[in-house]
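Q: Contents are compact mmCIF, C-alpha atoms; file name query_4.txt:
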# COMPACT_ATOMS: atom_id res chain seq x y z
CA MET A 23 16.22 2.84 22.56
CA HIS A 24 16.41 4.15 26.14
CA TYR A 25 12.68 4.58 26.13
CA LEU A 26 12.05 0.96 25.16
CA LEU A 27 14.33 -0.30 27.92
CA ALA A 28 12.92 2.06 30.53
CA ASN A 29 9.22 1.52 29.76
CA PRO A 30 8.70 -2.08 28.68
CA SER A 31 5.22 -2.35 30.23
CA SER A 32 3.78 0.73 28.51
CA VAL A 33 5.17 -0.48 25.18
CA LEU A 34 3.42 -3.82 25.77
CA VAL A 35 0.10 -2.13 26.55
CA LEU A 36 0.37 -0.02 23.38
CA THR A 37 1.33 -3.08 21.33
CA TRP A 38 -1.74 -4.87 22.66
CA GLN A 39 -3.99 -1.92 21.76
CA HIS A 40 -2.42 -1.87 18.30
CA LEU A 41 -3.00 -5.59 17.76
CA ARG A 42 -6.56 -5.38 19.03
CA ILE A 43 -7.45 -2.69 16.46
CA VAL A 44 -5.84 -4.55 13.56
CA GLY A 45 -7.07 -7.98 14.73
CA THR A 46 -10.68 -6.84 15.09
CA ALA A 47 -10.68 -5.06 11.74
CA VAL A 48 -9.03 -7.87 9.76
CA PHE A 49 -11.31 -10.45 11.43
CA LEU A 50 -14.40 -8.44 10.42
CA ALA A 51 -12.94 -7.99 6.92
CA LEU A 52 -12.57 -11.79 6.66
CA LEU A 53 -16.18 -12.33 7.79
CA ILE A 54 -17.41 -9.97 5.08
CA GLY A 55 -14.70 -10.37 2.44
CA ILE A 56 -14.44 -14.16 2.02
CA PRO A 57 -18.19 -14.75 1.49
CA THR A 58 -18.24 -11.75 -0.87
CA GLY A 59 -15.29 -13.17 -2.79
CA VAL A 60 -16.94 -16.59 -3.04
CA ALA A 61 -20.20 -14.96 -4.16
CA ILE A 62 -18.31 -13.14 -6.93
CA THR A 63 -16.89 -16.41 -8.29
CA ARG A 64 -20.48 -17.75 -8.49
CA VAL A 65 -22.24 -14.65 -9.80
CA ARG A 66 -19.83 -13.24 -12.36
CA TRP A 67 -21.54 -9.95 -13.12
CA LEU A 68 -20.97 -8.94 -9.49
CA ALA A 69 -17.20 -8.92 -9.99
CA ALA A 70 -16.78 -5.65 -11.87
CA PRO A 71 -18.92 -3.40 -9.63
CA VAL A 72 -17.72 -4.92 -6.32
CA LEU A 73 -14.01 -4.80 -7.24
CA ALA A 74 -14.34 -1.31 -8.72
CA THR A 75 -16.00 0.00 -5.53
CA ALA A 76 -13.36 -1.61 -3.35
CA GLY A 77 -10.66 -0.23 -5.68
CA VAL A 78 -11.91 3.34 -5.36
CA LEU A 79 -12.07 2.99 -1.56
CA TYR A 80 -8.48 1.74 -1.64
CA THR A 81 -7.22 4.84 -3.51
CA ILE A 82 -8.49 7.13 -0.73
CA PRO A 83 -5.45 8.04 1.39
CA SER A 84 -5.76 6.78 4.97
CA LEU A 85 -5.47 10.18 6.61
CA ALA A 86 -8.24 11.45 4.33
CA LEU A 87 -10.38 8.46 5.27
CA PHE A 88 -9.94 9.21 8.99
CA ALA A 89 -10.91 12.77 8.30
CA VAL A 90 -14.13 11.66 6.63
CA LEU A 91 -14.89 8.98 9.24
CA ILE A 92 -14.47 11.05 12.39
CA PRO A 93 -17.62 13.12 11.94
CA LEU A 94 -19.49 9.78 11.63
CA THR A 95 -17.75 7.55 14.19
CA GLY A 96 -16.26 10.05 16.62
CA LEU A 97 -12.68 9.79 17.87
CA GLY A 98 -10.98 6.73 19.37
CA GLU A 99 -10.78 3.09 18.36
CA ARG A 100 -13.83 3.10 16.11
CA PRO A 101 -12.56 5.19 13.17
CA ALA A 102 -9.33 3.14 13.33
CA ILE A 103 -11.16 -0.18 13.11
CA VAL A 104 -13.44 1.03 10.30
CA ALA A 105 -10.49 2.43 8.30
CA VAL A 106 -8.42 -0.76 8.57
CA LEU A 107 -11.55 -2.77 7.74
CA VAL A 108 -12.20 -0.75 4.57
CA TYR A 109 -8.63 -1.18 3.28
CA SER A 110 -8.52 -4.88 4.18
CA LEU A 111 -11.74 -5.65 2.35
CA LEU A 112 -10.37 -4.94 -1.13
CA VAL A 113 -7.30 -7.11 -0.69
CA ILE A 114 -9.22 -9.99 0.90
CA ILE A 115 -12.04 -9.99 -1.67
CA ARG A 116 -9.60 -9.74 -4.58
CA ASN A 117 -7.37 -12.53 -3.31
CA THR A 118 -10.31 -14.81 -2.48
CA VAL A 119 -11.52 -14.46 -6.06
CA ALA A 120 -8.00 -14.95 -7.45
CA GLY A 121 -7.36 -17.98 -5.22
CA ILE A 122 -10.56 -19.77 -6.22
CA ASP A 123 -10.20 -18.82 -9.88
CA ALA A 124 -6.71 -20.33 -9.95
CA VAL A 125 -8.03 -23.81 -9.12
CA GLU A 126 -7.54 -25.91 -12.23
CA PRO A 127 -10.74 -26.69 -14.16
CA SER A 128 -9.79 -30.38 -14.32
CA ILE A 129 -9.69 -30.59 -10.51
CA ARG A 130 -13.02 -28.82 -10.29
CA GLU A 131 -14.45 -31.25 -12.82
CA ALA A 132 -13.09 -34.22 -10.92
CA ALA A 133 -14.81 -32.94 -7.77
CA HIS A 134 -17.99 -32.55 -9.73
CA GLY A 135 -17.60 -36.05 -11.18
CA MET A 136 -17.16 -37.49 -7.70
CA GLY A 137 -20.64 -36.22 -6.95
CA MET A 138 -19.65 -33.36 -4.65
CA THR A 139 -22.28 -30.73 -4.01
CA PRO A 140 -21.25 -27.11 -4.76
CA TRP A 141 -20.84 -26.55 -1.01
CA GLN A 142 -18.56 -29.59 -0.63
CA ARG A 143 -16.57 -28.48 -3.66
CA LEU A 144 -16.06 -25.09 -2.07
CA ARG A 145 -15.16 -26.42 1.38
CA LEU A 146 -13.05 -29.45 0.36
CA VAL A 147 -11.48 -28.31 -2.92
CA GLU A 148 -11.64 -24.63 -3.78
CA ILE A 149 -10.94 -23.03 -0.39
CA PRO A 150 -8.09 -25.40 0.56
CA LEU A 151 -6.44 -25.03 -2.87
CA GLY A 152 -6.94 -21.26 -2.90
CA LEU A 153 -5.66 -20.93 0.66
CA PRO A 154 -2.11 -19.70 -0.09
CA VAL A 155 -3.45 -16.84 -2.21
CA ILE A 156 -6.14 -16.01 0.37
CA LEU A 157 -3.48 -16.03 3.11
CA ALA A 158 -1.32 -13.70 1.02
CA GLY A 159 -4.27 -11.29 0.98
CA ILE A 160 -4.66 -11.52 4.77
CA ARG A 161 -0.92 -10.81 5.12
CA VAL A 162 -1.03 -7.69 2.96
CA ALA A 163 -4.17 -6.51 4.79
CA THR A 164 -2.59 -7.07 8.22
CA VAL A 165 0.70 -5.33 7.40
CA ALA A 166 -1.11 -2.35 5.84
CA GLY A 167 -3.49 -2.34 8.81
CA ILE A 168 -0.61 -2.08 11.27
CA GLY A 169 0.59 0.97 9.34
CA ILE A 170 -2.82 2.61 9.28
CA ALA A 171 -3.36 1.89 12.98
CA THR A 172 -0.09 3.72 13.72
CA ILE A 173 -1.56 6.89 12.22
CA ALA A 174 -4.83 6.28 14.09
CA ALA A 175 -3.09 7.17 17.36
CA TYR A 176 -3.53 10.77 16.23
CA VAL A 177 -7.31 10.41 16.43
CA GLY A 178 -7.18 8.84 19.88
CA ALA A 179 -7.13 5.15 18.97
CA GLY A 180 -4.10 4.32 21.13
CA GLY A 181 -1.46 1.88 19.89
CA LEU A 182 2.22 2.37 19.16
CA GLY A 183 1.68 5.53 17.15
CA VAL A 184 1.06 7.23 20.53
CA LEU A 185 4.83 7.14 21.16
CA ILE A 186 5.61 8.74 17.79
CA PHE A 187 3.10 11.55 18.27
CA ASP A 188 4.03 12.13 21.93
CA GLY A 189 7.67 12.29 20.90
CA ILE A 190 7.01 14.77 18.09
CA ARG A 191 4.90 16.93 20.42
CA THR A 192 7.49 16.98 23.21
CA LEU A 193 10.44 17.06 20.79
CA ASN A 194 11.74 13.86 22.36
CA LEU A 195 13.55 11.95 19.60
CA ASP A 196 14.09 8.96 21.86
CA THR A 197 10.35 8.41 22.20
CA VAL A 198 9.81 8.98 18.45
CA VAL A 199 12.39 6.35 17.55
CA ALA A 200 11.04 3.94 20.18
CA GLY A 201 7.58 4.21 18.63
CA ALA A 202 8.88 3.90 15.06
CA LEU A 203 11.02 0.89 15.98
CA SER A 204 8.27 -0.99 17.78
CA ALA A 205 5.65 -0.28 15.10
CA SER A 206 8.10 -1.44 12.41
CA ALA A 207 8.99 -4.55 14.41
CA LEU A 208 5.30 -5.39 14.74
CA ALA A 209 4.72 -5.01 10.98
CA LEU A 210 7.80 -7.06 10.07
CA ALA A 211 6.87 -9.77 12.60
CA ALA A 212 3.32 -10.02 11.22
CA ASP A 213 4.67 -10.18 7.67
CA TRP A 214 7.12 -12.92 8.62
CA ALA A 215 4.49 -14.96 10.48
CA PHE A 216 2.10 -14.91 7.52
CA VAL A 217 4.88 -15.79 5.06
CA GLN A 218 5.54 -18.89 7.19
CA LEU A 219 1.82 -19.76 7.17
CA GLU A 220 1.67 -19.29 3.40
CA SER A 221 4.61 -21.53 2.67
CA HIS A 222 3.12 -24.10 5.06
CA ALA A 223 -0.18 -23.96 3.14
CA ARG A 224 1.69 -24.27 -0.16
CA ARG A 225 3.58 -27.33 1.08
CA ASP A 226 0.34 -28.95 2.22
CA ARG A 227 -1.16 -28.24 -1.14
CA SER A 228 1.69 -29.78 -3.10
CA ARG A 229 1.48 -32.88 -0.92
CA GLY A 230 -2.23 -33.08 -1.66
CA VAL A 231 -3.27 -32.73 1.97
CA SER A 232 -6.05 -30.31 2.76
CA MET B 891 -19.17 18.69 15.89
CA SER B 892 -22.82 19.43 15.21
CA GLY B 893 -23.54 22.93 14.09
CA THR B 894 -20.16 23.29 12.37
CA SER B 895 -19.93 23.65 8.64
CA TRP B 896 -19.35 20.83 6.16
CA ASP B 897 -18.92 23.30 3.34
CA PHE B 898 -15.33 22.58 2.36
CA VAL B 899 -15.77 24.13 -1.09
CA GLY B 900 -16.68 27.33 0.71
CA TYR B 901 -13.51 27.06 2.78
CA ILE B 902 -11.35 26.58 -0.34
CA ARG B 903 -13.06 29.54 -2.05
CA ALA B 904 -12.41 31.70 0.98
CA HIS B 905 -8.70 30.74 1.16
CA PRO B 906 -7.62 30.18 -2.47
CA VAL B 907 -3.97 31.22 -2.07
CA HIS B 908 -3.38 29.07 1.00
CA PHE B 909 -5.10 26.10 -0.63
CA LEU B 910 -3.16 26.36 -3.89
CA HIS B 911 0.08 26.72 -1.95
CA LEU B 912 -0.59 23.47 -0.06
CA LEU B 913 -1.75 21.71 -3.23
CA GLY B 914 1.49 22.76 -4.93
CA GLN B 915 3.55 21.44 -2.00
CA HIS B 916 1.65 18.17 -2.13
CA VAL B 917 2.33 17.70 -5.84
CA GLU B 918 5.97 18.68 -5.29
CA LEU B 919 6.43 16.13 -2.48
CA THR B 920 4.94 13.41 -4.67
CA VAL B 921 6.72 14.25 -7.92
CA VAL B 922 10.18 14.84 -6.40
CA SER B 923 10.05 11.66 -4.32
CA VAL B 924 8.87 9.49 -7.22
CA ALA B 925 11.51 11.02 -9.52
CA LEU B 926 14.25 10.31 -6.95
CA ALA B 927 12.99 6.77 -6.43
CA THR B 928 12.90 6.18 -10.20
CA ALA B 929 16.44 7.51 -10.66
CA LEU B 930 17.58 5.15 -7.90
CA SER B 931 15.50 2.10 -8.83
CA LEU B 932 16.14 1.80 -12.57
CA PRO B 933 19.94 1.39 -12.32
CA LEU B 934 19.43 -0.98 -9.38
CA ALA B 935 16.95 -3.02 -11.43
CA ILE B 936 19.38 -3.21 -14.37
CA VAL B 937 22.16 -4.43 -12.07
CA ALA B 938 19.74 -6.87 -10.43
CA SER B 939 18.66 -8.30 -13.79
CA ARG B 940 22.31 -9.31 -14.40
CA TRP B 941 23.30 -10.33 -10.88
CA GLU B 942 20.94 -12.66 -9.09
CA ARG B 943 22.54 -12.40 -5.65
CA PHE B 944 22.17 -8.64 -5.71
CA ALA B 945 18.57 -9.00 -6.87
CA LYS B 946 17.74 -11.03 -3.76
CA VAL B 947 19.30 -8.53 -1.35
CA ALA B 948 17.79 -5.51 -3.12
CA THR B 949 14.31 -7.08 -3.20
CA TRP B 950 14.57 -7.87 0.49
CA LEU B 951 15.68 -4.33 1.39
CA ALA B 952 13.01 -2.72 -0.78
CA GLY B 953 10.42 -5.00 0.84
CA LEU B 954 11.63 -3.87 4.26
CA GLY B 955 11.09 -0.22 3.27
CA GLN B 956 7.58 -1.09 2.12
CA THR B 957 6.60 -3.16 5.18
CA VAL B 958 7.63 -0.56 7.75
CA PRO B 959 4.59 1.65 8.57
CA SER B 960 4.82 4.91 6.62
CA LEU B 961 4.47 7.00 9.78
CA ALA B 962 7.36 5.06 11.34
CA LEU B 963 9.46 5.66 8.22
CA LEU B 964 8.78 9.41 8.46
CA ALA B 965 9.61 9.28 12.17
CA PHE B 966 12.93 7.51 11.48
CA MET B 967 14.00 10.53 9.37
CA LEU B 968 13.70 12.96 12.30
CA PRO B 969 17.01 12.18 14.06
CA PHE B 970 18.92 12.47 10.77
CA LEU B 971 17.17 15.13 8.72
CA GLY B 972 15.03 16.98 11.24
CA ILE B 973 11.58 18.15 10.17
CA GLY B 974 10.32 19.72 6.97
CA PHE B 975 10.42 19.04 3.24
CA ARG B 976 13.70 17.10 2.98
CA PRO B 977 12.98 14.30 5.50
CA SER B 978 9.49 13.98 4.01
CA VAL B 979 10.82 13.55 0.48
CA ALA B 980 13.43 11.08 1.71
CA ALA B 981 10.84 8.88 3.45
CA LEU B 982 8.47 9.07 0.48
CA ALA B 983 11.26 8.16 -1.93
CA ILE B 984 12.26 5.10 0.14
CA ARG B 985 8.62 4.07 0.12
CA ALA B 986 8.42 4.32 -3.69
CA VAL B 987 11.51 2.21 -4.39
CA LEU B 988 9.84 -1.19 -4.00
CA PRO B 989 7.06 -0.85 -6.60
CA ILE B 990 9.37 0.83 -9.15
CA PHE B 991 12.39 -1.43 -8.60
CA LEU B 992 10.36 -4.64 -8.56
CA ASN B 993 8.39 -3.77 -11.70
CA ALA B 994 11.53 -2.70 -13.59
CA TYR B 995 13.39 -5.83 -12.51
CA VAL B 996 10.54 -8.16 -13.48
CA GLY B 997 9.99 -6.21 -16.72
CA ILE B 998 13.63 -6.54 -17.81
CA ARG B 999 13.86 -10.17 -16.73
CA THR B 1000 10.76 -11.18 -18.66
CA ALA B 1001 11.75 -9.44 -21.91
CA SER B 1002 11.09 -12.09 -24.50
CA PRO B 1003 14.04 -14.49 -24.96
CA ALA B 1004 13.30 -14.59 -28.69
CA ALA B 1005 13.75 -10.82 -28.97
CA LEU B 1006 17.02 -11.01 -27.02
CA GLU B 1007 18.21 -13.85 -29.23
CA ALA B 1008 17.35 -11.85 -32.34
CA ALA B 1009 19.23 -8.82 -30.97
CA ARG B 1010 22.29 -10.97 -30.33
CA GLY B 1011 22.00 -12.48 -33.79
CA MET B 1012 21.96 -8.98 -35.28
CA GLY B 1013 25.24 -8.32 -33.49
CA ALA B 1014 23.89 -5.91 -30.84
CA SER B 1015 26.29 -5.15 -28.01
CA ASP B 1016 25.23 -5.61 -24.38
CA ALA B 1017 24.47 -1.90 -24.04
CA GLN B 1018 22.51 -1.84 -27.28
CA ARG B 1019 20.51 -4.86 -26.15
CA LEU B 1020 19.65 -3.10 -22.90
CA TRP B 1021 18.73 0.26 -24.46
CA LEU B 1022 17.12 -0.92 -27.69
CA VAL B 1023 15.44 -4.15 -26.63
CA GLU B 1024 15.11 -4.83 -22.92
CA LEU B 1025 14.18 -1.36 -21.61
CA PRO B 1026 11.66 -0.58 -24.40
CA LEU B 1027 10.07 -4.00 -23.94
CA ALA B 1028 9.92 -3.47 -20.17
CA SER B 1029 8.65 0.12 -20.40
CA PRO B 1030 4.93 -0.65 -19.88
CA VAL B 1031 5.74 -2.65 -16.73
CA ILE B 1032 8.13 0.07 -15.52
CA MET B 1033 5.45 2.70 -16.05
CA ALA B 1034 2.96 0.58 -14.10
CA GLY B 1035 5.39 0.58 -11.17
CA ILE B 1036 5.75 4.37 -11.35
CA GLN B 1037 1.97 4.66 -11.45
CA THR B 1038 1.54 2.50 -8.33
CA ALA B 1039 4.26 4.44 -6.49
CA THR B 1040 2.78 7.82 -7.40
CA VAL B 1041 -0.77 6.97 -6.28
CA GLN B 1042 0.61 5.52 -3.06
CA ASN B 1043 2.80 8.56 -2.40
CA VAL B 1044 -0.06 11.03 -2.88
CA GLY B 1045 -1.62 9.32 0.14
CA ILE B 1046 1.55 9.10 2.21
CA ALA B 1047 2.43 12.73 1.42
CA ALA B 1048 -0.67 13.66 3.44
CA ILE B 1049 0.96 12.02 6.47
CA ALA B 1050 4.18 14.00 5.91
CA ALA B 1051 2.33 16.96 7.46
CA PHE B 1052 3.05 15.30 10.82
CA ILE B 1053 6.77 16.02 10.41
CA GLY B 1054 6.29 19.46 8.90
CA GLY B 1055 6.39 18.36 5.27
CA GLY B 1056 3.52 20.64 4.32
CA GLY B 1057 1.01 19.68 1.66
CA LEU B 1058 -2.73 19.12 1.95
CA GLY B 1059 -2.22 17.03 5.09
CA ASP B 1060 -1.77 20.38 6.87
CA LEU B 1061 -5.45 21.16 6.30
CA ILE B 1062 -6.49 17.71 7.55
CA LEU B 1063 -4.46 18.15 10.74
CA GLN B 1064 -5.76 21.68 11.20
CA GLY B 1065 -9.31 20.44 10.73
CA LEU B 1066 -8.79 17.63 13.23
CA GLN B 1067 -7.36 20.04 15.79
CA MET B 1068 -10.18 22.53 15.36
CA LEU B 1069 -12.76 19.75 14.96
CA ASP B 1070 -13.96 21.63 11.90
CA PRO B 1071 -15.22 19.31 9.14
CA SER B 1072 -15.04 22.00 6.46
CA VAL B 1073 -11.26 22.48 6.95
CA LEU B 1074 -10.69 18.75 7.34
CA LEU B 1075 -12.53 17.93 4.12
CA ALA B 1076 -10.85 20.83 2.29
CA GLY B 1077 -7.67 18.77 2.74
CA ALA B 1078 -9.09 15.25 2.55
CA VAL B 1079 -11.28 15.46 -0.54
CA PRO B 1080 -8.62 17.07 -2.79
CA VAL B 1081 -6.05 14.47 -1.61
CA ALA B 1082 -8.40 11.65 -2.58
CA MET B 1083 -9.15 13.34 -5.91
CA LEU B 1084 -5.44 13.90 -6.53
CA ALA B 1085 -4.79 10.18 -6.00
CA VAL B 1086 -7.54 9.17 -8.42
CA ALA B 1087 -6.39 11.80 -10.97
CA ALA B 1088 -2.75 10.64 -10.75
CA ASP B 1089 -3.92 7.07 -11.34
CA LEU B 1090 -5.93 8.03 -14.44
CA LEU B 1091 -3.25 10.35 -15.86
CA LEU B 1092 -0.38 7.90 -15.44
CA GLY B 1093 -2.55 5.07 -16.78
CA ARG B 1094 -3.05 7.12 -19.93
CA ILE B 1095 0.68 7.96 -20.22
CA ARG B 1096 1.49 4.28 -19.71
CA ARG B 1097 -0.60 3.37 -22.73
CA LEU B 1098 1.11 6.13 -24.75
CA VAL B 1099 4.69 5.04 -24.05
CA VAL B 1100 4.11 1.42 -25.03
CA PRO B 1101 6.44 0.75 -27.98
CA THR B 1102 4.58 0.43 -31.26
CA GLY B 1103 5.74 -3.15 -31.66
CA LEU B 1104 4.00 -4.14 -28.43
CA GLN B 1105 0.93 -2.05 -29.20
CA ALA B 1106 0.25 -3.99 -32.37
CA ARG B 1107 0.47 -7.26 -30.48
CA SER B 1108 -1.76 -6.28 -27.60
CA GLY B 1109 -4.29 -4.75 -29.98
Can you give me the file's structure in the form of structure tokens?
A:
Amino acid sequence: MHYLLANPSSVLVLTWQHLRIVGTAVFLALLIGIPTGVAITRVRWLAAPVLATAGVLYTIPSLALFAVLIPLTGLGERPAIVAVLVYSLLVIIRNTVAGIDAVEPSIREAAHGMGMTPWQRLRLVEIPLGLPVILAGIRVATVAGIGIATIAAYVGAGGLGVLIFDGIRTLNLDTVVAGALSASALALAADWAFVQLESHARRDRSRGVS
Amino acid sequence: MSGTSWDFVGYIRAHPVHFLHLLGQHVELTVVSVALATALSLPLAIVASRWERFAKVATWLAGLGQTVPSLALLAFMLPFLGIGFRPSVAALAIRAVLPIFLNAYVGIRTASPAALEAARGMGASDAQRLWLVELPLASPVIMAGIQTATVQNVGIAAIAAFIGGGGLGDLILQGLQMLDPSVLLAGAVPVAMLAVAADLLLGRIRRLVVPTGLQARSG
């Protein structure tokens, strides 16, 4: 705790580095994952191979993934961003598919009957109705990403894990606990924020507002 | 890193005793932590299935243990348990509670009301209902939770090397320090394979333990 009180500015810098890694990776995962998820709901035979590939990638432990990435990406932020991106993809693709699939057929039919084009149906009906499930995926991806980014400090990515590793190296428990506390606080805060967003999206949905 | 060897199989062949020792530690970390978490979670889930207030608090606490970054959880053990095997197992066990507890709780809660009614009609006591109806009916879901926790812990056990927990993570760290891909992959590839193998093995066991009554129904 002493460390946190004595070094507020360095903790802020590390928090910012941490968020930048996770933010970049999850943003890229959304750019790739949501269109892929939508494509899967349109072209069914894609589902099995895409989800199986993502599933195998997800089973690879994060430290092992870093180990494999470093020869390709070098040290620093890049292996961290790629690793978080890889893990986020599975969750985001899976939840996009699940969210859209959960839209009731009768609603889909009504949209069709109103003369909506497939694009309009996606934008005005399926995505808004699937939003809580898609958001849940983004939440899981972000929280897991914050955890993976903590470990990435070991390969030179920066972020709050730096405090944990510095503390272990110098046998300074105060620094270790400061790092563990701030990384945990960041993960819990992100989780909480997304839970609020999800329940907001659910409320909107039940009121019929998109 | 150019010019260095990628031949991790060669590295393992050259250091079989060391490799098997670390592999054994890795399996031990995983198995002991999952066993501890199971022993802790099942009674908690049974209590939770009968006491809703407790269920809420326990779910929240287990969720907390799961949301905290695994490296942070390992780091939190240092002031209390120091470094080595014990703090690693403790952190891994905390991490495994959520999937096992939640699955067991949901499994017991969703045991078919008709089956429970029938058990009561046959004059089963509360304990008999739990042991003969609810737990067997919930067993596939409970096993699924243990499966998830085990696969997850194989991965987190690799990180335990940071606090001296041993296991295959040692080779990954050594490889990172020496910037030697062959050492790094000698740890990383077996960890990934161990995770996939644990998933397949426990998936098979899960299908074996399903009570015959449920097997017939699910085909």
Q: Between CA of Tyr995 in chain B and CA of Ile936 in chain B, what is the distance in Å, rounded to a tenth?
A: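 Atom-to-atom, CA of Tyr995 in chain B to CA of Ile936 in chain B, that is 6.8 Å.
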Q: Would you list which chain B residues are within 8 Å of chain A using all atoms listed in the file, as a ChimeraX atom specification?
A: /B:891,954,957-963,965-966,968-969,1041-1042,1044-1046,1048-1049,1053,1059,1062,1066,1071,1074-1075,1077-1079,1081-1082,1085-1086
Q: Might you pull out every residue within 12 Å of range 54-67 of chain A, with only C-alpha atoms counted and same-chain residues fewer than 2 positions away left off, and present them as a PyMOL selection string?
A: chain A and resi 47-52+69-73+76+107-125+140-141+143-145+148-149+152-153+156-157+159-160+163
Q: CA of Tyr25 in chain A and CA of Phe975 in chain B, how far apart in Å?
A: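 Interatomic distance, CA of Phe975 in chain B to CA of Tyr25 in chain A: 27.2 Å.
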Q: Measure the distance from CA of Gln39 in chain A to CA of Gly181 in chain A in Å and round it to one decimal.
A: 4.9 Å
Q: Here is a test: counting all atoms listed in the file, which residue of A:Gly135, A:Gly180, A:Pro127, A:His222 is nearest to Leu36 in chain A?
A: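 Between A:Gly135, A:Gly180, A:Pro127, A:His222, the residue approaching Leu36 in chain A most closely is A:Gly180.
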Q: Check the smallest atom-to-atom distance from each of A:Thr197, A:Pro101, A:Leu68, A:Val184 to Thr37 in chain A using all atoms listed in the file, then report the winner.
A: A:Val184
Q: Near Asn993 in chain B, within 10 Å and counting all atoms listed in the file, which residues show up once chain neighbours fewer than 5 positions away are dropped, as a PDB file with C-alpha atoms, in the coordinates of the input?
A:
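The result, written out as out32.pdb:
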ATOM      1  CA  SER B 931      15.500   2.100  -8.830  1.00  0.00           C
ATOM      2  CA  LEU B 932      16.140   1.800 -12.570  1.00  0.00           C
ATOM      3  CA  ALA B 935      16.950  -3.020 -11.430  1.00  0.00           C
ATOM      4  CA  VAL B 987      11.510   2.210  -4.390  1.00  0.00           C
ATOM      5  CA  LEU B 988       9.840  -1.190  -4.000  1.00  0.00           C
ATOM      6  CA  ILE B 998      13.630  -6.540 -17.810  1.00  0.00           C
ATOM      7  CA  ARG B 999      13.860 -10.170 -16.730  1.00  0.00           C
ATOM      8  CA  ALA B1028       9.920  -3.470 -20.170  1.00  0.00           C
ATOM      9  CA  SER B1029       8.650   0.120 -20.400  1.00  0.00           C
ATOM     10  CA  PRO B1030       4.930  -0.650 -19.880  1.00  0.00           C
ATOM     11  CA  VAL B1031       5.740  -2.650 -16.730  1.00  0.00           C
ATOM     12  CA  ILE B1032       8.130   0.070 -15.520  1.00  0.00           C
ATOM     13  CA  MET B1033       5.450   2.700 -16.050  1.00  0.00           C
ATOM     14  CA  ALA B1034       2.960   0.580 -14.100  1.00  0.00           C
ATOM     15  CA  GLY B1035       5.390   0.580 -11.170  1.00  0.00           C
ATOM     16  CA  ILE B1036       5.750   4.370 -11.350  1.00  0.00           C
ATOM     17  CA  THR B1038       1.540   2.500  -8.330  1.00  0.00           C
TER      18      THR B1038
END
Q: Which neighbours of Gln956 in chain B fall inside 9 Å, counting all atoms listed in the file, when residues of the same chain fewer than 5 positions from it are skipped, and could you give them as a PyMOL selection string?
A: chain B and resi 951+984-989
Q: Assuming the input is short of atoms at range 183-195 of chain A, produce N, CA and C atoms for that part as a tab-separated table (two decimals), in the frame of the given file.
A:
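Final file, out_9.tsv:
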chain	number	residue	atom	x	y	z
A	183	GLY	N	1.55	4.19	17.70
A	183	GLY	CA	1.68	5.53	17.15
A	183	GLY	C	1.69	6.61	18.23
A	184	VAL	N	1.09	6.28	19.39
A	184	VAL	CA	1.06	7.23	20.53
A	184	VAL	C	2.48	7.70	20.85
A	185	LEU	N	3.44	6.77	20.84
A	185	LEU	CA	4.83	7.14	21.16
A	185	LEU	C	5.37	8.12	20.13
A	186	ILE	N	5.10	7.86	18.84
A	186	ILE	CA	5.61	8.74	17.79
A	186	ILE	C	5.04	10.14	17.96
A	187	PHE	N	3.72	10.23	18.16
A	187	PHE	CA	3.10	11.55	18.27
A	187	PHE	C	3.51	12.26	19.55
A	188	ASP	N	3.57	11.52	20.67
A	188	ASP	CA	4.03	12.13	21.93
A	188	ASP	C	5.43	12.68	21.75
A	189	GLY	N	6.29	11.89	21.10
A	189	GLY	CA	7.67	12.29	20.90
A	189	GLY	C	7.78	13.53	20.04
A	190	ILE	N	6.97	13.59	18.96
A	190	ILE	CA	7.01	14.77	18.09
A	190	ILE	C	6.54	15.99	18.87
A	191	ARG	N	5.46	15.80	19.67
A	191	ARG	CA	4.90	16.93	20.42
A	191	ARG	C	5.90	17.47	21.45
A	192	THR	N	6.58	16.55	22.14
A	192	THR	CA	7.49	16.98	23.21
A	192	THR	C	8.92	17.12	22.72
A	193	LEU	N	9.10	16.98	21.39
A	193	LEU	CA	10.44	17.06	20.79
A	193	LEU	C	11.42	16.08	21.44
A	194	ASN	N	10.90	14.88	21.74
A	194	ASN	CA	11.74	13.86	22.36
A	194	ASN	C	12.03	12.77	21.32
A	195	LEU	N	13.21	12.86	20.70
A	195	LEU	CA	13.55	11.95	19.60
A	195	LEU	C	13.59	10.49	20.07
